[in-house]
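Here is the structure we will look at, set down as structure tokens.
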Amino acid sequence: MASLISLMALVAGIGGTYAQTAVTVNVGSTLQQIDGFGVSQAFGRAGEFRDMLEGNLQRQGLDYLFNTTTGAGLTIIRNRIGSGTTTSDSILPKSPGGPSAAANYSFDEDDRGQLWFSQQAMTYGVKTIYADAWSAPGFMKTNNKENNGGYLCGTTGHSCSSGDWRQAYADFLVQYVKFYSERGIPITQLGFLNEPDYVTSYSSMQSGANEAASFIPILHNTLNASGLGNVSLTCCDAMGWNSQRTITQGLVSAGMEQYLKYITSHMYTGDPNSVISTKLKTWQTEAADLQSRWCATWYSNGGLCEGFTWANKLHQGLSSANLSAYIYWQGVEVNQFQASSYLVASDGNTVTPSGRLWAFAMYSRFVRPGAYRVSTSGSVSSTGITAFRNTDGSVVVVFLNSGGSQQSVKVSFSNFTPAAAEAYVTDNTRSVASVTAPLSGGAVTVSVPSRGMLTVKLTPAA
């Protein structure tokens with residue numbers, strides 16, 4: 001009798017694990033547009049990647065970032081506009097003598113490797129290149145230094161004996177865009193601040209909404225006057241979501257939405273977890289684990305370096321904050337195993353992807369630029385669900401199971417009839433591995449593993 005009871009309990013447990021849940025994807029109900037997912041190689045990491053890895057190792061690193069078959073299929077890169085005192089870190093390392101004096105700009109044909117990295121990304125089809133300045137050159141600021149904060153001279157409340165440098169800073173930024181354009185690399189987004197709510201020993205510049213609002217129209221008009229009105233302005237890459245929300249409120253009140261296209265934020269003092277009130281798109285432009293040593297783990301105990309942790313962050317940003325883009329800090333690094341602030345590691349002999357990379361891949365490889373998030377109805381125990389409609393008509397549904405049991409889900413669709421389905425899973429033993437996704441009667445059935453991620457892509461009839 002005891003054996004029979006145990007057997008019945010086991011069967012019941014198995015039945016519970018595989019109990020099927022119904023979900024409907026409402027393809028005609030669109031939410032935010034998706035611009036993509038990406039990385040940076042700022043502060044010389046692009047040059048290190050190029051110079052320290054050669055041949056197949058270099059190609060493998062690039063493939064992990066951008067290849068849509070073997071890698072993450074990332075579609076955005078974020079470059080730093082240097083503001084230092086050398087020609088390798090600024091197009092204007094020395095003051096021209098005053099804000100109205102002729103500037104002697106120069107470009108070193110390298111930009112600390114970012115020119116090469118941009119060219120390589122473009123060969124994979126990357127079309128979104130975000131150039132962002134951490135600071136104005138020191139001679140344009142109230143503290144006369146590139147680092148340790150300080151404000152742009154001439155912005156609201158900040159005058160300098162050297163004069164008003166706002167137009168000169170706008171000219172500086174636009175010239176950087178021109179240098180890239182002349183080399184066949186179109187900058188698509190331009191930012192003039194990075195973490196303006198944080199003062200630090202490297203390049204940094206302070207700003208609140210009032211200071212930013214006294215500069216944004218000048219930069220907008222300078223772009224237009226230079227024939228670069230197609231370059232979209234961003235603001236302000238604050239340290240965290242709530243800080244950026246506060247700045248955005250001030251920008252909206254000041255009427256800056258007419259000049260900007262994107263609100264941008266980092267996650268170091270708070271992840272994107274709710275919608276910021278603005279008609280502009282919102283991007284998460286820098287995020288990373290700055291605490292842990294390198295790890296490639298998918299899931300262990302919920303640590304910050306784990307891929308499953310970042311899958312949750314991506315899901316929350318897309319579903320709760322209506323993000324249109326999510327960018328991790330660094331892509332590839334060589335011999336930097338003290339950190340997990342990047343997605344792909346190399347020791348000079350091998351190249352190793354992290355679980356974080358595969359979390360990005362489960363979105364970026366399938367949800368392509370221009371897609372729209374669409375609504376869903378129905379819920380699955382311990383499982384997050386997001387769905388998207390690509391520009392080619394395909395529909396992508398992404399599941400993230402935080403529970404201890406596998407979940408079986410039957411997915412139906414409104415305003416869409418699938419003709420074929422393919423599914424991929426990532427967990428502790430698989431990375432974007434193909435799995436079966438039976439399609440019957442216009443619905444697809446999938447199994448989402450415990451503490452795993454499953455992406456299903458459905459194509460319509462021709």
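Naming works like this for the structure tokens: A, B, ... for the chains as they're shown, residue 1 at the start of each chain, ligands 1 onward in shown order.
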
Secondary structure check, strand (DSSP E or B) residues of region 238-435 of chain A, as number ranges by chain:
A: 238, 262-266, 281-286, 289, 325-334, 340, 342-346, 351-353, 372-377, 380, 383-389, 395-401, 407-414, 418-426, 433-435

Closest-contact table, region 187-235 of chain A side, partner region 66-86 of chain A, 12 Å, counting only C-alpha atoms, as a tab-separated table:
residue	atom	partner	partner_atom	distance
A:Ile187	CA	A:Asn79	CA	9.5
A:Thr188	CA	A:Ile76	CA	10.0
A:Gln189	CA	A:Arg78	CA	9.1
A:Leu190	CA	A:Ile81	CA	9.5
A:Gly191	CA	A:Ile81	CA	9.0
A:Phe192	CA	A:Ile81	CA	8.7
A:Leu193	CA	A:Ile81	CA	10.2
A:Asn194	CA	A:Arg80	CA	9.6
A:Tyr202	CA	A:Gly84	CA	9.8
A:Ser203	CA	A:Ser83	CA	7.3
A:Ser204	CA	A:Ser83	CA	9.4
A:Met205	CA	A:Ser83	CA	10.7

Residues of region 366-420 of chain A at most 7 Å from region 22-36 of chain A: nearest atom pair and distance in Å, only C-alpha atoms, as JSON lines:
{"residue": "A:Arg368", "atom": "CA", "partner": "A:Gly36", "partner_atom": "CA", "distance": 6.5}
{"residue": "A:Pro369", "atom": "CA", "partner": "A:Asp35", "partner_atom": "CA", "distance": 4.6}
{"residue": "A:Gly370", "atom": "CA", "partner": "A:Ile34", "partner_atom": "CA", "distance": 5.6}
{"residue": "A:Ala371", "atom": "CA", "partner": "A:Ile34", "partner_atom": "CA", "distance": 5.3}
{"residue": "A:Tyr372", "atom": "CA", "partner": "A:Gln33", "partner_atom": "CA", "distance": 4.3}
{"residue": "A:Arg373", "atom": "CA", "partner": "A:Leu31", "partner_atom": "CA", "distance": 5.1}
{"residue": "A:Val374", "atom": "CA", "partner": "A:Thr30", "partner_atom": "CA", "distance": 4.4}
{"residue": "A:Ser375", "atom": "CA", "partner": "A:Asn26", "partner_atom": "CA", "distance": 5.4}
{"residue": "A:Thr376", "atom": "CA", "partner": "A:Val25", "partner_atom": "CA", "distance": 4.4}
{"residue": "A:Ser377", "atom": "CA", "partner": "A:Thr24", "partner_atom": "CA", "distance": 5.2}
{"residue": "A:Gly378", "atom": "CA", "partner": "A:Val23", "partner_atom": "CA", "distance": 4.7}
{"residue": "A:Ser379", "atom": "CA", "partner": "A:Val23", "partner_atom": "CA", "distance": 6.5}
{"residue": "A:Ala387", "atom": "CA", "partner": "A:Val25", "partner_atom": "CA", "distance": 7.0}
{"residue": "A:Arg389", "atom": "CA", "partner": "A:Val27", "partner_atom": "CA", "distance": 6.8}
{"residue": "A:Val409", "atom": "CA", "partner": "A:Ala22", "partner_atom": "CA", "distance": 5.9}
{"residue": "A:Lys410", "atom": "CA", "partner": "A:Ala22", "partner_atom": "CA", "distance": 4.9}
{"residue": "A:Val411", "atom": "CA", "partner": "A:Val23", "partner_atom": "CA", "distance": 4.9}
{"residue": "A:Ser412", "atom": "CA", "partner": "A:Thr24", "partner_atom": "CA", "distance": 4.7}
{"residue": "A:Phe413", "atom": "CA", "partner": "A:Val25", "partner_atom": "CA", "distance": 4.8}
{"residue": "A:Ser414", "atom": "CA", "partner": "A:Asn26", "partner_atom": "CA", "distance": 5.0}
{"residue": "A:Asn415", "atom": "CA", "partner": "A:Val27", "partner_atom": "CA", "distance": 5.6}
{"residue": "A:Phe416", "atom": "CA", "partner": "A:Val27", "partner_atom": "CA", "distance": 6.4}

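Those residues that approach Arg245 (chain A) to within 10 Å, counting only C-alpha atoms, are Ala238, Leu251, Ile263, Thr264, Ser265, Pro272, Ser274, Val275, Ile276, Ser277 and Thr278 of chain A; same-chain residues fewer than 6 positions away are not listed.
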
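The space separating CA of Val448 (chain A) from CA of Tyr326 (chain A) comes to 23.6 Å.
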
10 Å contact set for region 173-185 of chain A, only C-alpha atoms, chain neighbours under 5 positions out, as a ChimeraX atom specification:
/A:81-82,90-92,105-107,109,111,115,118-119,122,127,129,131-133,136,167-168,190-192,219-220,222-224,226-228,231

Same residues, N, CA and C atoms, saved as a compact mmCIF listing (two decimals), in the first residue's frame:
# COMPACT_ATOMS: atom_id res chain seq x y z
N ILE A 81 32.61 59.43 -26.87
CA ILE A 81 33.25 60.61 -27.46
C ILE A 81 34.28 61.11 -26.45
N GLY A 82 35.54 60.93 -26.75
CA GLY A 82 36.60 61.26 -25.81
C GLY A 82 36.71 62.76 -25.57
N SER A 90 40.69 62.68 -27.82
CA SER A 90 39.84 63.84 -28.09
C SER A 90 40.16 64.37 -29.48
N ILE A 91 39.13 64.88 -30.14
CA ILE A 91 39.36 65.55 -31.42
C ILE A 91 39.76 67.01 -31.20
N LEU A 92 39.73 67.46 -29.93
CA LEU A 92 40.15 68.82 -29.58
C LEU A 92 40.83 68.79 -28.21
N TYR A 105 40.34 70.98 -34.93
CA TYR A 105 39.95 69.59 -34.75
C TYR A 105 40.88 68.66 -35.52
N SER A 106 41.09 67.47 -34.96
CA SER A 106 41.86 66.44 -35.67
C SER A 106 41.33 65.07 -35.26
N PHE A 107 41.44 64.12 -36.18
CA PHE A 107 40.99 62.75 -35.91
C PHE A 107 42.15 61.81 -36.17
N GLU A 109 42.22 58.62 -36.75
CA GLU A 109 41.87 57.45 -37.56
C GLU A 109 41.80 56.17 -36.74
N ASP A 111 40.44 56.35 -32.81
CA ASP A 111 39.49 56.60 -31.73
C ASP A 111 39.54 55.47 -30.71
N LEU A 115 36.75 53.10 -34.09
CA LEU A 115 36.52 53.15 -35.53
C LEU A 115 36.51 51.73 -36.09
N SER A 118 33.39 49.80 -34.88
CA SER A 118 32.19 50.22 -35.60
C SER A 118 32.16 49.58 -36.99
N GLN A 119 33.29 49.58 -37.67
CA GLN A 119 33.36 48.98 -39.00
C GLN A 119 33.05 47.49 -38.94
N MET A 122 29.33 46.86 -38.35
CA MET A 122 28.55 47.13 -39.55
C MET A 122 28.58 45.97 -40.54
N LYS A 127 23.29 48.77 -37.58
CA LYS A 127 23.00 50.07 -38.15
C LYS A 127 22.78 51.15 -37.09
N ILE A 129 24.36 53.13 -34.15
CA ILE A 129 25.63 53.49 -33.50
C ILE A 129 25.40 54.74 -32.66
N ALA A 131 26.76 57.45 -30.17
CA ALA A 131 27.96 58.13 -29.69
C ALA A 131 27.58 59.01 -28.51
N ASP A 132 28.29 58.83 -27.40
CA ASP A 132 27.94 59.53 -26.17
C ASP A 132 29.19 60.13 -25.54
N ALA A 133 29.10 61.36 -25.10
CA ALA A 133 30.21 62.02 -24.41
C ALA A 133 30.04 61.89 -22.91
N ALA A 136 32.38 67.23 -21.49
CA ALA A 136 32.98 68.19 -22.40
C ALA A 136 34.48 68.26 -22.09
N GLN A 167 27.90 76.69 -27.33
CA GLN A 167 27.97 76.51 -28.79
C GLN A 167 29.23 75.77 -29.19
N ALA A 168 30.33 76.05 -28.53
CA ALA A 168 31.59 75.37 -28.84
C ALA A 168 31.49 73.87 -28.55
N LEU A 190 23.06 60.56 -30.65
CA LEU A 190 24.12 61.38 -30.07
C LEU A 190 23.72 61.82 -28.68
N GLY A 191 24.62 61.58 -27.71
CA GLY A 191 24.39 62.00 -26.34
C GLY A 191 25.51 62.92 -25.88
N PHE A 192 25.19 63.83 -24.97
CA PHE A 192 26.17 64.81 -24.50
C PHE A 192 26.46 64.68 -23.01
N LEU A 219 22.38 72.28 -29.37
CA LEU A 219 22.92 71.09 -30.04
C LEU A 219 21.98 70.66 -31.17
N HIS A 220 20.69 70.70 -30.92
CA HIS A 220 19.71 70.33 -31.95
C HIS A 220 19.85 71.22 -33.18
N THR A 222 22.42 72.99 -34.09
CA THR A 222 23.74 72.82 -34.71
C THR A 222 23.75 71.58 -35.60
N LEU A 223 23.14 70.52 -35.18
CA LEU A 223 23.01 69.34 -36.02
C LEU A 223 22.24 69.67 -37.29
N ASN A 224 21.13 70.35 -37.15
CA ASN A 224 20.31 70.70 -38.32
C ASN A 224 21.07 71.59 -39.29
N SER A 226 24.12 71.66 -39.81
CA SER A 226 25.21 70.90 -40.42
C SER A 226 24.70 69.80 -41.34
N GLY A 227 23.39 69.77 -41.59
CA GLY A 227 22.84 68.73 -42.44
C GLY A 227 22.77 67.38 -41.77
N LEU A 228 22.75 67.36 -40.44
CA LEU A 228 22.73 66.11 -39.67
C LEU A 228 21.45 66.01 -38.83
N VAL A 231 20.29 62.72 -37.15
CA VAL A 231 20.92 62.17 -35.95
C VAL A 231 20.02 62.49 -34.75

What's around Gly270 (chain A) at 10 Å? Count only C-alpha atoms, leave out sequence neighbours fewer than 6 positions away in its own chain, and write the answer as a PyMOL selection string.
chain A and resi 239-244

Neighbours of Ala288 (chain A) within 9 Å (only C-alpha atoms; same-chain residues fewer than 6 positions away dropped), as a compact mmCIF listing (two decimals) with C-alpha atoms, in the first residue's frame?
# COMPACT_ATOMS: atom_id res chain seq x y z
CA MET A 267 20.91 50.79 -13.77
CA TYR A 268 23.60 51.19 -11.12
CA LEU A 304 24.60 39.24 -10.19
CA CYS A 305 27.02 37.65 -12.66
CA TYR A 328 25.36 45.97 -21.53
CA TRP A 329 28.55 47.82 -20.57
CA GLN A 330 31.32 45.91 -22.36
CA SER A 340 32.01 40.36 -15.00
CA SER A 341 31.37 43.77 -16.52
CA TYR A 342 31.52 42.26 -20.01
